[in-house]
Amino acid sequence: MKQIDLDDLPPRIAKTLAALGEGEELVLAQGGAVVARLVVADPVPPAPGAALTDLAPEEEVKEVLDHFSAMINDEF
């Protein structure tokens, strides 16, 4: 399974993807040709007690701060 964090995408794309409902189809095109069709599925809830990341707390804080800094730099 591949995973993309919506926070890593440009705002317009993230908003479009977040607005898709279960069963809706998203067509990806390049140069006018369809390269993929994605169908939205109901999200699977995480297992009880499952960690969101496998990072140590210090690494997780660094990643969050790096992401925040990148968002600020992109915005301004």
# chains A, B, ... in the order shown; residues from 1 in each chain; ligands from 1
>>> select_by_dssp(residues="chain A", states="alpha helix (DSSP H)", output="number ranges by chain")
A: 11-19, 57-75
>>> closest_atom_pairs(of="segment 9-32 of chain A", to="segment 68-71 of chain A", cutoff="12 Å", atoms="only C-alpha atoms", output="tab-separated table")
residue	atom	partner	partner_atom	distance
A:Leu9	CA	A:Met71	CA	10.2
A:Pro10	CA	A:Met71	CA	9.8
A:Pro11	CA	A:Met71	CA	10.3
>>> write_last_selection(atoms="C-alpha atoms", output="mmCIF file, in the first residue's frame")
data_model
loop_
_atom_site.group_PDB
_atom_site.id
_atom_site.type_symbol
_atom_site.label_atom_id
_atom_site.label_comp_id
_atom_site.auth_asym_id
_atom_site.auth_seq_id
_atom_site.Cartn_x
_atom_site.Cartn_y
_atom_site.Cartn_z
ATOM 1 C CA LEU A 9 0.683 18.258 -1.126
ATOM 2 C CA PRO A 10 -0.142 21.691 -2.527
ATOM 3 C CA PRO A 11 -3.267 23.088 -0.797
#
>>> atom_distance(atom1="atom CA of Leu38 of chain A", atom2="atom CA of Gly23 of chain A")
9.5 Å
>>> closest_residue(among="A:Glu22, A:Asp66, A:Asp74, A:Glu59", to="Ala41 of chain A", atoms="only C-alpha atoms")
A:Glu22
>>> atom_distance(atom1="atom CA of Glu24 of chain A", atom2="atom CA of Asp42 of chain A")
10.6 Å
>>> select_by_dssp(residues="chain A", states="strand (DSSP E or B)", output="CSV table (one decimal) with N, CA and C atoms, in the first residue's frame")
chain,number,residue,atom,x,y,z
A,25,GLU,N,-14.8,8.6,-7.7
A,25,GLU,CA,-13.6,8.2,-8.6
A,25,GLU,C,-12.8,9.5,-8.9
A,26,LEU,N,-11.5,9.3,-8.8
A,26,LEU,CA,-10.6,10.4,-9.2
A,26,LEU,C,-9.8,9.9,-10.4
A,27,VAL,N,-9.8,10.7,-11.5
A,27,VAL,CA,-9.0,10.3,-12.7
A,27,VAL,C,-7.8,11.2,-12.7
A,28,LEU,N,-6.6,10.5,-12.9
A,28,LEU,CA,-5.4,11.2,-13.0
A,28,LEU,C,-5.0,11.2,-14.5
A,29,ALA,N,-4.7,12.4,-15.0
A,29,ALA,CA,-4.4,12.5,-16.5
A,29,ALA,C,-3.1,13.3,-16.6
A,30,GLN,N,-2.4,12.9,-17.7
A,30,GLN,CA,-1.1,13.6,-18.0
A,30,GLN,C,-1.1,13.8,-19.5
A,33,ALA,N,-4.0,12.2,-21.5
A,33,ALA,CA,-4.2,10.8,-21.4
A,33,ALA,C,-4.4,10.4,-20.0
A,34,VAL,N,-5.4,9.5,-19.8
A,34,VAL,CA,-5.7,9.0,-18.5
A,34,VAL,C,-4.5,8.0,-18.1
A,35,VAL,N,-3.9,8.3,-16.9
A,35,VAL,CA,-2.8,7.4,-16.4
A,35,VAL,C,-3.3,6.6,-15.2
A,36,ALA,N,-4.3,7.0,-14.6
A,36,ALA,CA,-4.8,6.2,-13.4
A,36,ALA,C,-6.2,6.6,-13.1
A,37,ARG,N,-7.0,5.6,-12.5
A,37,ARG,CA,-8.3,5.9,-11.9
A,37,ARG,C,-8.3,5.4,-10.5
A,38,LEU,N,-8.6,6.3,-9.6
A,38,LEU,CA,-8.6,5.9,-8.2
A,38,LEU,C,-10.0,6.0,-7.6
A,39,VAL,N,-10.4,5.0,-6.9
A,39,VAL,CA,-11.7,5.0,-6.2
A,39,VAL,C,-11.6,5.1,-4.7
>>> closest_residue(among="A:Asn73, A:Val40, A:Gln3, A:Gly32", to="Leu17 of chain A", atoms="only C-alpha atoms")
A:Val40
>>> closest_residue(among="A:Gly31, A:Asp7, A:Lys2, A:Lys15", to="His67 of chain A", atoms="only C-alpha atoms")
A:Asp7
>>> atom_distance(atom1="atom CA of Thr16 of chain A", atom2="atom CA of Glu63 of chain A")
24.9 Å
